[in-house]
file data-v5.txt (compact mmCIF, C-alpha atoms)
# COMPACT_ATOMS: atom_id res chain seq x y z
CA MET A 493 -1.20 74.55 -46.93
CA LYS A 494 -1.51 74.58 -50.72
CA ARG A 495 -1.78 78.06 -52.15
CA THR A 496 -3.37 77.54 -55.51
CA ALA A 497 -6.53 79.46 -54.65
CA GLU A 498 -7.20 82.75 -56.41
CA THR A 499 -10.22 84.10 -54.57
CA ALA A 500 -10.35 85.71 -51.16
CA GLY A 501 -13.03 83.22 -50.12
CA ASP A 502 -10.79 80.29 -50.98
CA LEU A 503 -7.90 81.78 -49.01
CA LEU A 504 -10.09 82.51 -45.99
CA ARG A 505 -11.44 78.96 -46.06
CA GLN A 506 -7.93 77.51 -46.31
CA TRP A 507 -6.76 79.53 -43.32
CA ARG A 508 -9.84 78.55 -41.33
CA GLN A 509 -9.21 74.89 -42.07
CA HIS A 510 -5.52 75.27 -41.30
CA ARG A 511 -6.46 76.71 -37.92
CA ARG A 512 -8.73 73.70 -37.42
CA MET A 513 -11.84 75.80 -36.97
CA SER A 514 -15.33 75.06 -38.21
CA GLN A 515 -17.38 77.72 -39.94
CA LEU A 516 -19.55 77.92 -36.84
CA ALA A 517 -16.56 78.43 -34.55
CA LEU A 518 -15.04 81.19 -36.70
CA ALA A 519 -18.38 82.90 -37.20
CA SER A 520 -18.89 82.89 -33.44
CA GLU A 521 -15.41 84.31 -32.79
CA ALA A 522 -15.89 86.98 -35.46
CA ASP A 523 -19.43 87.80 -34.30
CA ILE A 524 -20.98 87.24 -37.72
CA SER A 525 -23.50 84.72 -38.94
CA GLN A 526 -22.37 81.35 -40.24
CA ARG A 527 -24.45 82.03 -43.35
CA HIS A 528 -22.51 85.24 -44.01
CA LEU A 529 -19.19 83.43 -43.60
CA SER A 530 -20.37 80.65 -45.89
CA PHE A 531 -21.25 83.21 -48.57
CA LEU A 532 -17.82 84.82 -48.23
CA GLU A 533 -15.96 81.54 -48.53
CA SER A 534 -18.03 80.32 -51.47
CA GLY A 535 -17.60 83.57 -53.38
CA ARG A 536 -21.28 84.45 -53.33
CA SER A 537 -20.33 87.59 -51.42
CA ARG A 538 -17.14 89.61 -51.76
CA PRO A 539 -15.60 90.54 -48.40
CA SER A 540 -15.10 94.20 -47.65
CA ARG A 541 -11.68 95.46 -46.65
CA ASP A 542 -12.77 95.67 -43.02
CA MET A 543 -14.18 92.15 -43.10
CA VAL A 544 -10.96 90.70 -44.52
CA MET A 545 -8.97 92.43 -41.78
CA HIS A 546 -11.43 91.29 -39.12
CA LEU A 547 -11.39 87.64 -40.16
CA ALA A 548 -7.62 87.65 -40.67
CA GLU A 549 -7.23 88.93 -37.12
CA GLN A 550 -9.42 86.16 -35.76
CA LEU A 551 -7.40 83.59 -37.69
CA ASP A 552 -4.04 85.10 -36.72
CA VAL A 553 -2.99 85.29 -40.36
CA PRO A 554 0.57 86.61 -40.91
CA LEU A 555 0.82 90.13 -42.37
CA ARG A 556 2.17 88.90 -45.71
CA GLU A 557 -0.83 86.60 -46.16
CA ARG A 558 -3.30 89.27 -45.05
CA ASN A 559 -2.06 91.39 -47.93
CA ALA A 560 -2.58 88.42 -50.29
CA ILE A 561 -6.19 88.01 -49.15
CA LEU A 562 -6.86 91.73 -49.53
CA VAL A 563 -5.48 91.72 -53.07
CA ALA A 564 -7.53 88.64 -53.94
CA ALA A 565 -10.62 90.48 -52.70
CA GLY A 566 -9.84 93.45 -54.95
CA HIS A 567 -8.42 95.73 -52.26
CA ALA A 568 -5.02 97.39 -51.89
CA PRO A 569 -2.53 95.79 -49.50
CA GLN A 570 -2.69 97.07 -45.94
CA TYR A 571 0.89 96.42 -44.84
CA PRO A 572 3.97 97.91 -46.53
CA GLN A 573 7.00 95.78 -47.35
CA HIS A 574 10.47 97.28 -47.53
CA GLY A 575 13.95 95.85 -47.81
CA LEU A 576 16.14 96.01 -44.73
CA ASP A 577 18.48 98.33 -46.63
CA GLU A 578 15.72 100.81 -47.52
CA PRO A 579 15.41 104.14 -45.66
CA GLU A 580 11.99 103.23 -44.25
CA LEU A 581 13.57 100.50 -42.11
CA ALA A 582 16.74 102.37 -41.21
CA ALA A 583 15.69 102.86 -37.58
CA ALA A 584 14.73 99.19 -37.21
CA THR A 585 17.96 97.91 -38.78
CA ALA A 586 19.90 100.18 -36.43
CA VAL A 587 18.06 98.57 -33.50
CA VAL A 588 18.95 95.10 -34.82
CA ARG A 589 22.60 96.10 -35.16
CA GLN A 590 22.63 97.60 -31.68
CA ILE A 591 21.20 94.40 -30.16
CA LEU A 592 23.65 92.18 -32.03
CA ASP A 593 26.73 94.23 -31.17
CA GLY A 594 25.53 94.89 -27.64
CA HIS A 595 25.35 91.13 -27.05
CA LEU A 596 29.09 90.69 -27.58
CA PRO A 597 31.16 88.78 -26.63
CA HIS A 598 28.38 86.22 -27.04
CA PRO A 599 26.88 85.10 -30.38
CA ALA A 600 23.72 86.64 -31.82
CA LEU A 601 22.18 86.77 -35.28
CA ALA A 602 19.11 88.00 -37.13
CA VAL A 603 17.11 85.81 -39.52
CA ASN A 604 14.09 86.17 -41.77
CA ARG A 605 11.01 83.95 -41.82
CA HIS A 606 12.90 81.18 -43.63
CA TRP A 607 15.84 81.23 -41.18
CA GLU A 608 18.07 82.96 -43.73
CA LEU A 609 20.84 85.04 -42.17
CA GLN A 610 20.29 88.80 -42.33
CA ALA A 611 22.96 89.99 -39.90
CA ALA A 612 25.27 88.62 -37.20
CA ASN A 613 27.83 89.80 -34.71
CA GLN A 614 31.50 88.87 -34.75
CA ALA A 615 31.05 86.16 -32.10
CA ILE A 616 29.03 84.10 -34.59
CA PHE A 617 31.84 84.09 -37.14
CA ALA A 618 34.38 83.14 -34.47
CA LEU A 619 32.53 79.82 -34.08
CA LEU A 620 32.36 78.89 -37.78
CA ASP A 621 35.89 77.61 -38.36
CA GLY A 622 35.80 74.38 -40.35
CA VAL A 623 32.32 74.90 -41.80
CA ALA A 624 32.12 73.97 -45.51
CA PRO A 625 32.19 77.06 -47.77
CA HIS A 626 29.02 76.03 -49.64
CA LEU A 627 27.02 76.42 -46.42
CA LEU A 628 28.24 80.01 -46.09
CA GLU A 629 27.10 81.10 -49.54
CA ALA A 630 24.24 83.60 -49.50
CA PRO A 631 21.50 83.14 -48.58
CA VAL A 632 22.89 81.32 -45.54
CA ASN A 633 20.26 79.18 -43.84
CA VAL A 634 21.33 79.03 -40.21
CA LEU A 635 19.37 75.87 -39.40
CA ARG A 636 20.92 74.01 -42.32
CA LEU A 637 24.30 75.39 -41.25
CA SER A 638 23.85 74.03 -37.73
CA LEU A 639 22.53 70.56 -38.59
CA HIS A 640 24.39 69.74 -41.82
CA PRO A 641 27.21 67.15 -41.50
CA ASP A 642 29.52 69.67 -43.20
CA GLY A 643 28.39 72.44 -40.85
CA LEU A 644 28.33 72.68 -37.08
CA ALA A 645 26.70 69.27 -36.52
CA PRO A 646 29.97 67.37 -35.83
CA ARG A 647 30.74 69.88 -33.04
CA ILE A 648 27.30 69.86 -31.38
CA LEU A 649 27.71 67.56 -28.40
CA ASN A 650 23.96 67.08 -27.81
CA LEU A 651 23.17 66.83 -31.51
CA GLY A 652 20.26 64.40 -31.14
CA GLU A 653 18.53 66.63 -28.62
CA TRP A 654 19.28 69.82 -30.57
CA HIS A 655 18.07 68.24 -33.82
CA ALA A 656 14.76 67.25 -32.17
CA HIS A 657 14.42 70.74 -30.69
CA ILE A 658 14.92 72.40 -34.08
CA LEU A 659 12.41 70.10 -35.79
CA ALA A 660 9.81 70.72 -33.08
CA ARG A 661 10.28 74.47 -33.37
CA LEU A 662 10.00 74.32 -37.17
CA ALA A 663 6.85 72.20 -36.92
CA HIS A 664 5.28 74.90 -34.74
CA GLU A 665 6.32 77.65 -37.17
CA VAL A 666 4.93 75.70 -40.14
CA ASP A 667 1.67 75.26 -38.25
CA GLN A 668 1.48 78.99 -37.55
CA SER A 669 2.55 80.27 -40.95
CA ALA A 670 1.48 77.52 -43.40
CA ASP A 671 4.64 78.45 -45.28
CA PRO A 672 5.54 75.75 -47.85
CA LYS A 673 9.23 76.77 -47.91
CA LEU A 674 9.45 76.26 -44.16
CA ALA A 675 7.71 72.91 -44.50
CA ALA A 676 10.24 71.87 -47.15
CA LEU A 677 13.09 73.00 -44.88
CA ARG A 678 11.76 70.88 -42.05
CA GLU A 679 11.58 67.84 -44.31
CA GLU A 680 15.15 68.46 -45.45
CA LEU A 681 16.45 68.81 -41.90
CA ALA A 682 14.54 65.74 -40.75
CA GLU A 683 16.69 63.74 -43.18
CA MET A 684 19.78 64.93 -41.32
CA ALA A 685 18.94 62.93 -38.20
CA PRO A 686 22.17 62.08 -36.37
CA ASP A 687 23.51 58.55 -36.41
CA ARG A 688 22.63 57.40 -32.91
CA SER A 689 24.79 54.32 -33.29
CA ARG A 690 27.92 56.49 -33.56
CA LYS A 691 29.18 57.62 -30.18
CA SER A 692 30.25 61.22 -29.79
CA ARG A 693 33.95 61.72 -29.20
CA THR A 694 33.07 64.09 -26.37
CA GLU A 695 30.42 63.60 -23.74
CA ALA A 696 27.80 66.32 -23.38
CA PRO A 697 27.57 67.93 -19.94
CA SER A 698 25.21 66.53 -17.34
CA GLN A 699 21.51 67.19 -17.90
CA LYS A 700 20.79 67.46 -14.18
CA GLY A 701 19.03 70.64 -13.09
CA ARG A 702 18.55 72.08 -16.58
CA ILE A 703 15.93 74.80 -17.12
CA ALA A 704 15.84 74.83 -20.95
CA VAL A 705 17.19 72.96 -23.96
CA PRO A 706 20.85 74.05 -24.19
CA LEU A 707 23.27 74.04 -27.08
CA TYR A 708 26.50 72.26 -26.19
CA LEU A 709 29.15 73.13 -28.74
CA GLN A 710 32.75 71.97 -28.95
CA GLY A 711 34.73 75.21 -29.05
CA PRO A 712 38.42 75.72 -29.79
CA ASN A 713 39.25 75.61 -26.06
CA GLY A 714 36.63 73.28 -24.61
CA THR A 715 32.87 72.85 -24.32
CA LEU A 716 30.64 75.91 -24.82
CA SER A 717 27.20 75.80 -23.20
CA PHE A 718 24.53 78.22 -24.43
CA LEU A 719 20.90 79.06 -23.74
CA SER A 720 19.08 80.82 -26.57
CA THR A 721 16.43 83.55 -26.64
CA THR A 722 14.34 84.95 -29.48
CA THR A 723 13.46 88.64 -29.93
CA VAL A 724 10.91 89.95 -32.45
CA PHE A 725 9.38 93.34 -33.22
CA GLY A 726 6.05 92.86 -31.48
CA THR A 727 4.38 95.96 -32.96
CA ALA A 728 5.67 95.67 -36.52
CA VAL A 729 3.29 96.69 -39.32
CA ASP A 730 5.85 96.25 -42.11
CA VAL A 731 5.83 92.75 -43.60
CA THR A 732 9.62 92.38 -43.66
CA LEU A 733 10.08 93.67 -40.13
CA SER A 734 7.33 91.40 -38.78
CA GLU A 735 9.29 88.41 -40.06
CA ILE A 736 12.68 89.31 -38.54
CA ALA A 737 13.80 87.41 -35.45
CA ILE A 738 16.96 87.91 -33.40
CA GLU A 739 18.46 84.75 -31.94
CA ALA A 740 20.80 85.50 -29.04
CA PHE A 741 22.89 82.87 -27.25
CA PHE A 742 23.75 83.42 -23.60
CA PRO A 743 26.47 81.52 -21.71
CA ALA A 744 24.96 78.82 -19.53
CA ASP A 745 28.00 78.70 -17.26
CA GLU A 746 30.98 80.80 -16.21
CA GLU A 747 33.44 78.75 -18.26
CA THR A 748 31.54 79.53 -21.47
CA ALA A 749 31.47 83.23 -20.58
CA ARG A 750 35.23 83.14 -19.99
CA GLN A 751 35.94 81.34 -23.28
CA MET A 752 33.74 83.70 -25.30
CA SER A 753 35.46 86.74 -23.76
CA ALA A 754 38.83 85.25 -24.72
CA LEU A 755 37.65 84.48 -28.25
CA SER A 756 36.30 88.01 -28.64
CA ALA A 757 39.55 89.51 -27.41
CA GLY A 758 41.53 87.32 -29.80
CA SER A 759 39.32 88.28 -32.73
CA ALA A 760 39.63 91.97 -31.88
CA GLY A 761 43.40 91.61 -31.64
CA GLY A 762 43.52 89.97 -35.05
CA ARG A 763 41.62 92.87 -36.61
CA SER A 764 43.78 95.62 -35.03
call {"tool": "encode", "arguments": {"input": "data-v5.txt", "output": "structure tokens"}}
result
Amino acid sequence: MKRTAETAGDLLRQWRQHRRMSQLALASEADISQRHLSFLESGRSRPSRDMVMHLAEQLDVPLRERNAILVAAGHAPQYPQHGLDEPELAAATAVVRQILDGHLPHPALAVNRHWELQAANQAIFALLDGVAPHLLEAPVNVLRLSLHPDGLAPRILNLGEWHAHILARLAHEVDQSADPKLAALREELAEMAPDRSRKSRTEAPSQKGRIAVPLYLQGPNGTLSFLSTTTVFGTAVDVTLSEIAIEAFFPADEETARQMSALSAGSAGGRS
């Protein structure tokens, strides 16, 4: 969604169109008249603070963009925004750290809305041997890191399937957020489609009986099979916190659990 609009009415109209709703449908959902909504979108009426919040709720507008609409309407932002290193988010960052470290010996990381790495546990770094240094320069984009030919891509045994999964997930996130940076990231990653004519040196495990899209990764001692989960702060009212997601990878079989325990023990031994 292009964000060149300066008025609250323009922004509300863009979000309504992005959500594929007619004026009549939104007015009905918001329990206001279509005429009133038309006046708000055209700028003939300025929306009150409560009306902006009400319409943004109906449109499921992200907190960051709700603030933008409020400011455009001449109101103060509703939702605070703090850095993860600021005292206001100290309790939340401690929770993130506890989840990441508590997930050991299996990999877990925290990302922002653009999939830029915010924190990770030691199991993540144990799997990054051989990754090109330029992909590890801050800000590290974990999706680019996973799909780039100089990143983890050569070691992902089901790369075609994982690539399609990542693109589908990004498409959904772009649809929800209308974030142009996410849209650009999806276009970039789409260009990294694996060469299907080149056979993998290692066969991916059987797909029989699967319950979710796995990640099959060639580890230092054999194939690692993971299932991933996503955790978010469901009641966040801070913009930054609302955009943090924790990606945790669980072993999909006993062999992966055994290998990750061994890797963790080896890493701990190297640090002692």
call {"tool": "closest_atom_pairs", "arguments": {"input": "data-v5.txt", "of": "segment 560-616 of chain A", "to": "segment 671-682 of chain A", "cutoff": "9 Å", "atoms": "all atoms listed in the file", "output": "tab-separated table"}}
result
residue	atom	partner	partner_atom	distance
A:Arg605	CA	A:Leu674	CA	8.2
A:His606	CA	A:Leu674	CA	6.0
A:Trp607	CA	A:Leu674	CA	8.6
call {"tool": "residues_around", "arguments": {"input": "data-v5.txt", "residues": "segment 614-627 of chain A", "least_positions_apart": "3", "cutoff": "6 Å", "atoms": "all atoms listed in the file", "output": "VMD selection string"}}
result
chain A and resid 598 to 599 637 642 to 643
call {"tool": "closest_residue", "arguments": {"input": "data-v5.txt", "among": "A:Leu516, A:Leu503, A:Val729, A:Ile591", "to": "Ala548 of chain A", "atoms": "all atoms listed in the file"}}
result
A:Leu503
call {"tool": "residues_around", "arguments": {"input": "data-v5.txt", "residues": "segment 706-708 of chain A", "least_positions_apart": "6", "cutoff": "10 Å", "atoms": "all atoms listed in the file", "output": "ChimeraX atom specification"}}
result
/A:647-651,653-654,657,695-697,699,715-720,741-744
call {"tool": "atom_distance", "arguments": {"input": "data-v5.txt", "atom1": "atom CA of Met513 of chain A", "atom2": "atom CA of Leu551 of chain A"}}
result
9.0 Å
call {"tool": "atom_distance", "arguments": {"input": "data-v5.txt", "atom1": "atom CA of Pro539 of chain A", "atom2": "atom CA of Ala565 of chain A"}}
result
6.6 Å
call {"tool": "closest_residue", "arguments": {"input": "data-v5.txt", "among": "A:Leu529, A:Val634, A:Ile738, A:Ala754", "to": "Gln590 of chain A", "atoms": "all atoms listed in the file"}}
result
A:Ile738
call {"tool": "atom_distance", "arguments": {"input": "data-v5.txt", "atom1": "atom CA of Leu662 of chain A", "atom2": "atom CA of Ala582 of chain A"}}
result
29.1 Å
call {"tool": "closest_residue", "arguments": {"input": "data-v5.txt", "among": "A:Arg508, A:Ala517, A:Gly501, A:His640", "to": "Gly535 of chain A", "atoms": "all atoms listed in the file"}}
result
A:Gly501
